[in-house]
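Structure file model_15.cif (mmCIF, C-alpha atoms) is printed below.
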data_protein
#
loop_
_atom_site.label_atom_id
_atom_site.label_comp_id
_atom_site.auth_asym_id
_atom_site.auth_seq_id
_atom_site.Cartn_x
_atom_site.Cartn_y
_atom_site.Cartn_z
CA MET V 24 159.85 180.68 -7.73
CA VAL V 25 160.49 183.36 -10.36
CA ARG V 26 163.95 184.84 -10.07
CA LEU V 27 164.03 188.65 -10.08
CA GLU V 28 167.06 190.54 -11.36
CA LEU V 29 167.23 193.46 -8.91
CA ASP V 30 169.67 195.39 -11.09
CA GLN V 31 166.99 195.58 -13.80
CA VAL V 32 164.35 197.11 -11.51
CA VAL V 33 163.48 200.77 -12.12
CA MET V 34 161.88 202.56 -9.17
CA ARG V 35 159.87 205.46 -10.54
CA ARG V 36 156.99 207.69 -9.56
CA MET V 37 153.57 206.23 -10.17
CA LYS V 38 151.85 207.57 -13.28
CA GLU V 39 148.19 207.87 -14.04
CA ASP V 40 148.19 204.68 -16.11
CA ASP V 41 149.53 202.73 -13.13
CA ILE V 42 146.71 203.55 -10.70
CA GLU V 43 144.51 200.51 -11.26
CA VAL V 44 147.49 198.13 -11.27
CA VAL V 45 148.75 199.57 -7.98
CA LYS V 46 145.29 199.31 -6.41
CA ALA V 47 145.11 195.64 -7.40
CA LEU V 48 148.58 195.10 -5.94
CA ILE V 49 147.54 196.71 -2.64
CA LYS V 50 144.39 194.60 -2.45
CA GLU V 51 146.50 191.48 -2.94
CA GLY V 52 148.96 192.59 -0.26
CA CYS V 53 146.20 193.42 2.25
CA GLU V 54 144.45 190.08 1.84
CA GLY V 55 143.97 188.49 5.23
CA THR V 56 145.39 191.41 7.21
CA GLU V 57 141.99 192.75 8.29
CA ASN V 58 140.86 189.32 9.49
CA ARG V 59 144.07 188.88 11.50
CA LEU V 60 143.54 192.26 13.14
CA ILE V 61 139.95 191.36 14.04
CA LEU V 62 141.09 188.06 15.55
CA HIS V 63 143.75 189.96 17.51
CA ILE V 64 141.11 192.28 18.99
CA LEU V 65 138.64 189.46 19.77
CA THR V 66 141.26 187.59 21.80
CA ARG V 67 142.16 190.51 24.09
CA PRO V 68 141.21 189.88 27.76
CA LEU V 69 138.96 192.94 28.09
CA CYS V 70 137.13 192.11 24.89
CA LEU V 71 136.64 188.50 26.00
CA PHE V 72 135.24 189.72 29.31
CA ILE V 73 132.71 192.02 27.61
CA LEU V 74 131.63 189.23 25.25
CA ALA V 75 131.16 186.90 28.23
CA VAL V 76 128.95 189.46 30.01
CA PHE V 77 126.73 189.97 26.97
CA SER V 78 126.54 186.21 26.42
CA SER V 79 125.36 185.73 30.01
CA ILE V 80 122.63 188.34 29.54
CA LEU V 81 121.49 186.81 26.24
CA ARG V 82 121.47 183.35 27.81
CA CYS V 83 118.50 184.44 29.91
CA LEU V 84 116.65 185.78 26.87
CA VAL V 85 117.22 183.30 24.06
CA HIS V 86 117.49 180.14 26.23
CA SER V 87 120.20 178.80 23.92
CA PHE V 88 123.85 178.59 24.91
CA ILE V 89 125.08 178.47 21.31
CA LEU V 90 123.06 181.51 20.20
CA ALA V 91 124.01 183.45 23.32
CA LEU V 92 127.66 182.81 22.54
CA ALA V 93 127.53 183.38 18.78
CA ILE V 94 125.37 186.52 18.55
CA PRO V 95 127.72 188.92 20.45
CA VAL V 96 130.75 187.65 18.54
CA PHE V 97 128.96 187.96 15.20
CA LEU V 98 127.75 191.51 15.94
CA LEU V 99 131.22 192.59 17.09
CA ILE V 100 132.82 191.22 13.92
CA ILE V 101 130.31 193.14 11.79
CA TYR V 102 131.02 196.30 13.81
CA LEU V 103 134.78 195.92 13.37
CA LYS V 104 134.40 195.28 9.64
CA ILE V 105 132.46 198.53 9.26
CA THR V 106 134.53 200.76 11.54
CA MET V 107 138.03 199.47 10.84
CA PRO V 108 139.77 201.69 8.25
CA ARG V 109 139.74 200.12 4.81
CA SER V 110 143.35 201.10 4.38
CA THR V 111 144.50 199.23 7.49
CA GLY V 112 146.95 196.67 6.23
CA VAL V 113 150.39 196.38 4.73
CA LEU V 114 151.87 199.02 7.00
CA GLY V 115 148.66 199.86 8.79
CA SER V 116 148.56 203.59 8.27
CA SER V 117 145.16 205.21 7.72
CA ARG V 118 146.88 207.80 5.55
CA PRO V 119 146.72 208.01 2.59
CA TYR V 120 143.12 206.85 2.35
CA TRP V 121 142.25 204.19 -0.20
CA ASP V 122 140.57 206.54 -2.69
CA TYR V 123 143.53 208.91 -2.52
CA VAL V 124 145.79 206.46 -4.32
CA GLY V 125 145.01 208.04 -7.66
CA SER V 126 145.98 211.49 -6.38
CA SER V 127 149.67 210.70 -6.05
CA TYR V 128 150.85 210.36 -9.63
CA ARG V 129 151.49 214.04 -10.22
CA GLY V 130 154.97 215.51 -10.12
CA THR V 131 158.03 214.80 -12.22
CA GLN V 132 156.93 211.81 -14.28
CA ASP V 133 160.51 210.76 -15.11
CA GLU V 134 161.72 210.96 -11.50
CA THR V 135 163.37 207.73 -10.34
CA LEU V 136 165.08 206.36 -7.26
CA HIS V 137 168.70 205.27 -7.32
CA ASN V 138 169.19 201.51 -7.71
CA PRO V 139 172.47 200.48 -6.01
CA TYR V 140 172.36 197.02 -7.62
CA SER V 141 172.74 198.48 -11.11
CA ARG V 142 176.04 200.04 -10.09
CA ILE V 143 177.31 196.73 -8.73
CA SER V 144 176.36 194.71 -11.80
CA GLY V 145 177.33 197.41 -14.28
CA LYS V 146 174.02 197.03 -16.14
CA SER V 147 171.52 199.79 -16.86
CA PRO V 148 167.89 199.13 -15.94
CA VAL V 149 165.52 199.16 -18.89
CA THR V 150 161.90 200.30 -18.70
CA LYS V 151 159.64 198.88 -21.37
CA LYS V 152 156.23 200.19 -22.26
CA PRO V 153 153.59 198.41 -20.13
CA ARG V 154 151.61 195.76 -21.96
CA ARG V 155 147.99 196.65 -22.61
CA ARG V 156 145.70 194.44 -20.58
CA ILE V 157 143.28 192.30 -22.58
CA GLY V 158 139.72 193.54 -22.47
CA LEU V 159 140.52 197.01 -21.14
CA LYS V 160 138.44 199.53 -23.06
CA ASP V 161 139.20 203.20 -23.34
CA LYS V 162 135.92 204.15 -21.72
CA ASP V 163 136.73 201.93 -18.72
CA LYS V 164 140.11 203.62 -18.42
CA ASP V 165 138.49 207.04 -18.46
CA MET V 166 136.05 206.01 -15.74
CA SER V 167 138.88 204.75 -13.48
CA THR V 168 140.73 208.06 -13.58
CA GLU V 169 140.03 209.99 -10.38
CA LYS V 170 139.62 213.72 -10.12
CA VAL V 171 142.74 215.17 -8.55
CA THR V 172 142.74 218.30 -6.41
CA PRO V 173 145.75 219.94 -4.73
CA GLU V 174 144.28 219.12 -1.31
CA ARG V 175 143.96 215.42 -2.08
CA GLU V 176 147.40 215.32 -3.61
CA GLN V 177 148.87 216.91 -0.48
CA VAL V 178 147.28 214.24 1.73
CA ALA V 179 148.26 211.37 -0.57
CA GLY V 180 152.00 212.01 -0.62
CA GLN V 181 154.11 210.04 -3.10
CA VAL V 182 153.85 206.57 -4.59
CA TRP V 183 156.89 204.85 -6.07
CA VAL V 184 156.55 201.69 -8.14
CA ALA V 185 159.12 199.01 -8.93
CA ASP V 186 159.08 198.52 -12.69
CA CYS V 187 160.79 195.48 -14.19
CA GLU V 188 160.65 195.42 -17.97
CA GLY V 189 157.26 197.11 -18.05
CA GLU V 190 155.70 195.06 -15.24
CA ILE V 191 154.94 196.64 -11.85
CA VAL V 192 156.24 194.18 -9.25
CA GLY V 193 156.01 196.33 -6.11
CA CYS V 194 155.23 199.75 -4.68
CA ILE V 195 156.00 201.92 -1.68
CA PHE V 196 154.01 204.88 -0.34
CA ARG V 197 155.56 207.89 1.34
CA GLU V 198 153.28 210.20 3.27
CA SER V 199 153.20 213.94 2.61
CA GLU V 200 155.70 216.05 4.54
CA ASN V 201 153.68 217.11 7.57
CA ARG V 202 156.71 217.52 9.83
CA ALA V 203 160.09 218.99 8.98
CA LYS V 204 162.83 216.38 8.40
CA ILE V 205 160.38 213.58 9.29
CA ARG V 206 159.07 211.05 6.76
CA ARG V 207 156.65 208.16 7.08
CA ILE V 208 156.36 205.04 4.97
CA CYS V 209 152.66 204.28 4.66
CA ARG V 210 152.58 201.16 2.53
CA LEU V 211 154.98 198.58 1.17
CA VAL V 212 153.76 195.87 -1.17
CA THR V 213 155.48 193.38 -3.45
CA THR V 214 153.73 190.97 -5.76
CA CYS V 215 153.50 187.40 -4.49
CA TRP V 216 155.73 186.10 -7.31
CA TYR V 217 158.71 188.18 -6.19
CA ARG V 218 158.62 188.00 -2.41
CA ARG V 219 161.78 187.09 -0.47
CA GLU V 220 163.83 188.26 -3.43
CA GLY V 221 165.10 191.47 -1.83
CA LEU V 222 162.62 193.74 -3.65
CA GLY V 223 161.08 195.17 -0.48
CA ARG V 224 164.52 195.92 0.94
CA LEU V 225 165.51 197.60 -2.32
CA LEU V 226 162.42 199.86 -2.26
CA VAL V 227 162.89 200.92 1.36
CA GLN V 228 166.64 201.54 1.15
CA SER V 229 166.38 203.45 -2.13
CA LEU V 230 163.66 205.68 -0.69
CA GLU V 231 165.77 206.25 2.44
CA LEU V 232 168.69 207.40 0.29
CA LYS V 233 166.48 209.89 -1.52
CA GLU V 234 164.96 211.25 1.67
CA ARG V 235 168.38 211.58 3.28
CA ASP V 236 169.51 213.67 0.30
CA THR V 237 166.49 215.95 0.74
CA GLY V 238 167.35 216.61 4.40
CA ALA V 239 165.20 214.03 6.21
CA GLN V 240 166.58 212.81 9.52
CA ARG V 241 164.08 210.13 10.55
CA VAL V 242 161.70 207.69 8.89
CA TYR V 243 158.69 206.09 10.61
CA ALA V 244 156.87 202.93 9.53
CA HIS V 245 153.65 201.42 10.90
CA VAL V 246 153.34 197.62 10.94
CA PRO V 247 150.05 195.73 11.51
CA TYR V 248 150.12 194.40 15.07
CA PRO V 249 149.91 190.64 14.34
CA SER V 250 152.44 190.76 11.46
CA LYS V 251 155.62 189.05 12.64
CA VAL V 252 157.04 188.97 9.09
CA ALA V 253 156.78 192.75 8.62
CA GLU V 254 158.22 193.35 12.08
CA ALA V 255 161.24 191.14 11.38
CA PHE V 256 161.67 192.79 7.97
CA PHE V 257 162.03 196.31 9.37
CA ARG V 258 164.27 195.16 12.22
CA LYS V 259 166.68 193.71 9.67
CA LEU V 260 166.79 197.11 7.99
CA GLY V 261 167.84 198.80 11.24
CA TYR V 262 164.45 200.04 12.45
CA VAL V 263 163.66 200.16 16.16
CA GLN V 264 160.22 199.76 17.68
CA LEU V 265 158.87 202.84 19.40
CA GLY V 266 159.22 202.49 23.18
CA GLU V 267 162.19 200.11 23.22
CA ARG V 268 164.89 202.68 23.92
CA PRO V 269 165.10 204.25 27.39
CA ASP V 270 166.10 207.67 26.02
CA GLU V 271 162.86 208.13 24.01
CA GLU V 272 161.09 210.03 26.79
CA ASP V 273 162.97 213.21 25.88
CA ASP V 274 162.32 212.79 22.15
CA ASP V 275 159.57 215.21 21.12
CA GLU V 276 159.15 213.64 17.67
CA ASN V 277 158.33 210.23 19.10
CA LYS V 278 155.63 211.79 21.25
CA LEU V 279 153.89 212.94 18.07
CA GLU V 280 153.88 209.43 16.60
CA ALA V 281 151.39 206.95 18.04
CA PRO V 282 150.07 203.57 16.85
CA GLU V 283 146.60 203.31 15.39
CA ARG V 284 144.00 202.09 17.85
CA GLY V 285 140.76 200.25 17.31
CA PHE V 286 137.94 198.83 19.45
CA LEU V 287 138.40 199.60 23.18
CA GLY V 288 141.67 201.34 22.37
CA HIS V 289 143.53 198.17 21.41
CA PRO V 290 146.56 198.96 19.22
CA LEU V 291 146.28 197.92 15.58
CA THR V 292 149.83 198.80 14.59
CA LYS V 293 153.36 198.85 15.91
CA VAL V 294 155.48 201.93 15.19
CA PHE V 295 159.07 201.54 14.02
CA TYR V 296 161.56 204.29 13.25
CA LYS V 297 165.07 204.75 11.94
CA ASP V 298 167.43 207.72 12.10
CA LEU V 299 169.02 208.43 8.73
#
So that I can check it, write out the structure of this file as structure tokens.
Amino acid sequence: MVRLELDQVVMRRMKEDDIEVVKALIKEGCEGTENRLILHILTRPLCLFILAVFSSILRCLVHSFILALAIPVFLLIIYLKITMPRSTGVLGSSRPYWDYVGSSYRGTQDETLHNPYSRISGKSPVTKKPRRRIGLKDKDKDMSTEKVTPEREQVAGQVWVADCEGEIVGCIFRESENRAKIRRICRLVTTCWYRREGLGRLLVQSLELKERDTGAQRVYAHVPYPSKVAEAFFRKLGYVQLGERPDEEDDDENKLEAPERGFLGHPLTKVFYKDL
């Protein structure tokens, strides 16, 4: 396990040069999430009933029990793979869309989040120039740069990366401000080498401090339905799952926030929120 010095982590806005690295980090963090969501849907009682009905019908046509059982399941998996949002994972939100990642680097390039650990240790975080990846040609870099429009940038929101001595070790996405004093965390990813080191907690809490200073009163986060680790993580940070409190019926903001739903209306995410 590689030990991470949290007081040396700089949380800054994502720049154009970071786009491909952040995309690779997201892909690593989403690995396996889609398959777990598909398994979750396939094991719902209503879905099992529908598969059983189709298998019974096919049994009369193909005269093979194995084929009659496998064909409906196979076709449903293909359907879910095609229709399930590519961005579902990490925190489950379908916003910002995958190809909008590159639209979020604009803004104040030197803007950073406050790191409370640097104050405790008395050290100042240092940001080194990122190392150039071997084999990366200038023409490849130009091709990876996406065309940014104000509309796409508005949908994408903000991306903050955790920079430790020039290496991006994590990132957090904050959706655009669609509702006054309401913010939503769309994605949270840390590299596999630095998990369970407090990096995710540092990213979330630092972003909360910034949003509180800008007047935000509540933060929402969507967690993939089968993810027990992500659910426990946000509970430790003081988040409450939507629907747990009896006084939520009179809360108009909670009525506007709903979990993502997939095949047959089965929920794909759990919604958590925290009042700042």
Query raised in the report: Restricting the calculation to all atoms listed in the file, which member of V:His289, V:Lys233, V:His86, V:Arg206 is positioned closest to Ile61 (chain V)?
Result: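 With all atoms listed in the file as the atom set, the closest residue is V:His289.
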Report task. For each of V:Leu48, V:Leu260, V:Leu232, V:Ile89, take the minimum atom-to-atom distance to Val184 (chain V), counting all atoms listed in the file, then give the residue where this is smallest. Result ->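 The answer is V:Leu48, which sits nearest to Val184 (chain V).
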Query raised in the report: Nearest to Val227 (chain V): which of V:Arg197, V:Lys293, V:His245, V:Arg268 is it, counting all atoms listed in the file?
Result: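 Checking each candidate against Val227 (chain V), we get V:Arg197 as the closest.
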Query raised in the report: What is the CA of Arg67 (chain V)-CA of Glu54 (chain V) distance in Å, reported with one decimal?
Result: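 Straight-line distance from CA of Arg67 (chain V) to CA of Glu54 (chain V) works out to 22.4 Å.
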Requested in this report: Quote the spacing between CA of Glu43 (chain V) and CA of Ile191 (chain V) in Å to one decimal place.
Outcome: 11.1 Å
Any chance you could resolve the PyMOL selection byres ((chain V and resi 251-258) around 10) against this file and give the residues as a PDB file with C-alpha atoms, in the coordinates of the input?
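Output below, filename result.pdb:
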ATOM      1  CA  VAL V 113     150.390 196.380   4.730  1.00  0.00           C
ATOM      2  CA  LEU V 114     151.870 199.020   7.000  1.00  0.00           C
ATOM      3  CA  LEU V 211     154.980 198.580   1.170  1.00  0.00           C
ATOM      4  CA  GLY V 223     161.080 195.170  -0.480  1.00  0.00           C
ATOM      5  CA  ARG V 224     164.520 195.920   0.940  1.00  0.00           C
ATOM      6  CA  VAL V 227     162.890 200.920   1.360  1.00  0.00           C
ATOM      7  CA  ALA V 244     156.870 202.930   9.530  1.00  0.00           C
ATOM      8  CA  HIS V 245     153.650 201.420  10.900  1.00  0.00           C
ATOM      9  CA  VAL V 246     153.340 197.620  10.940  1.00  0.00           C
ATOM     10  CA  PRO V 247     150.050 195.730  11.510  1.00  0.00           C
ATOM     11  CA  TYR V 248     150.120 194.400  15.070  1.00  0.00           C
ATOM     12  CA  PRO V 249     149.910 190.640  14.340  1.00  0.00           C
ATOM     13  CA  SER V 250     152.440 190.760  11.460  1.00  0.00           C
ATOM     14  CA  LYS V 259     166.680 193.710   9.670  1.00  0.00           C
ATOM     15  CA  LEU V 260     166.790 197.110   7.990  1.00  0.00           C
ATOM     16  CA  GLY V 261     167.840 198.800  11.240  1.00  0.00           C
ATOM     17  CA  TYR V 262     164.450 200.040  12.450  1.00  0.00           C
ATOM     18  CA  VAL V 263     163.660 200.160  16.160  1.00  0.00           C
ATOM     19  CA  GLN V 264     160.220 199.760  17.680  1.00  0.00           C
ATOM     20  CA  LYS V 293     153.360 198.850  15.910  1.00  0.00           C
ATOM     21  CA  VAL V 294     155.480 201.930  15.190  1.00  0.00           C
ATOM     22  CA  PHE V 295     159.070 201.540  14.020  1.00  0.00           C
ATOM     23  CA  TYR V 296     161.560 204.290  13.250  1.00  0.00           C
ATOM     24  CA  LYS V 297     165.070 204.750  11.940  1.00  0.00           C
TER      25      LYS V 297
END
Query raised in the report: Which polymer residues have any atom within 10 Å of an atom of Pro139 (chain V), counting all atoms listed in the file, with same-chain residues fewer than 5 positions away left out, as a list in words?
Result: Leu29, Asp30, Ser144, Leu225, Gln228 and Ser229 of chain V
Report task. For CA of Leu291 (chain V) and CA of Leu60 (chain V), quote the distance in Å rounded to one decimal. Result ->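 One can read the CA of Leu291 (chain V) to CA of Leu60 (chain V) distance as 6.7 Å.
When all atoms listed in the file are used to measure the gap to Leu230 (chain V), the shortest distance among V:Leu136, V:Val182, V:Val212, V:Val192 belongs to V:Leu136.
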Query - Of the listed residues V:Lys50, V:Leu299, V:Leu69, V:Gly285, that which approaches Tyr102 (chain V) most closely, counting only C-alpha atoms - result: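 Residue with the minimum atom-to-atom distance to Tyr102 (chain V): V:Gly285.
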Using all atoms listed in the file, find each residue of region 172-266 of chain V with at least one atom at most 12 Å away from an atom of region 37-40 of chain V; report its shortest atom-to-atom pair and that distance in Å (one decimal), sort the rows by chain and rising residue number, and return the result as a tab-separated table.
residue	atom	partner	partner_atom	distance
V:Gly180	CA	V:Met37	CA	11.3
V:Gln181	CA	V:Met37	CA	8.0
V:Val182	CA	V:Met37	CA	5.6
V:Trp183	CA	V:Met37	CA	5.5
V:Val184	CA	V:Met37	CA	5.8
V:Ala185	CA	V:Met37	CA	9.2
V:Asp186	CA	V:Met37	CA	9.8
V:Gly189	CA	V:Asp40	CA	12.0
V:Ile191	CA	V:Met37	CA	9.8
V:Gly193	CA	V:Met37	CA	11.0
V:Cys194	CA	V:Met37	CA	8.7
V:Ile195	CA	V:Met37	CA	9.8
V:Phe196	CA	V:Met37	CA	9.9
V:Arg197	CA	V:Met37	CA	11.8
Step by step, gather every atom of region 48-53 of chain V that the file lists, find the box along x, y and z that holds them, add 5 Å on each side, and finally give centre and edge lengths in Å to one decimal, as JSON.
{"center_x": 146.7, "center_y": 194.1, "center_z": -1.8, "size_x": 14.6, "size_y": 15.2, "size_z": 18.2}
Report task. Please identify all polymer residues lying at most 6 Å from the point (163.3, 204.9, -12.3) (file coordinates), using only C-alpha atoms, and present the result as a list in words. Result ->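 Within 6 Å of (163.3, 204.9, -12.3), the protein and nucleic acid residues are Val33, Met34, Arg35, Thr135 and Leu136 of chain V.
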Query raised in the report: If you apply the PyMOL selection byres ((chain V and resi 104) around 12) to this file, what residues do you get, as JSON, numbers by chain?
Result: {"V": [56, 57, 58, 59, 60, 61, 62, 64, 97, 98, 99, 100, 101, 102, 103, 105, 106, 107, 108, 109, 110, 111, 285, 286]}
Query raised in the report: Counting all atoms listed in the file, what is within 7 Å of Ser78 (chain V), bar same-chain residues fewer than 4 positions away, as a VMD selection string?
Result: chain V and resid 74 82 91 to 92 95
Filtering to C-alpha atoms, could you give me those residues as a JSON list (two decimals), in the coordinates of the input?
[["chain", "number", "residue", "atom", "x", "y", "z"],
["V", 74, "LEU", "CA", 131.63, 189.23, 25.25],
["V", 82, "ARG", "CA", 121.47, 183.35, 27.81],
["V", 91, "ALA", "CA", 124.01, 183.45, 23.32],
["V", 92, "LEU", "CA", 127.66, 182.81, 22.54],
["V", 95, "PRO", "CA", 127.72, 188.92, 20.45]]
Requested in this report: Return the single residue from V:Arg218, V:His137, V:Arg241, V:His63 that is closest to Leu27 (chain V), with distances computed using only C-alpha atoms.
Outcome: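 Distance minimum relative to Leu27 (chain V) lands on V:Arg218.
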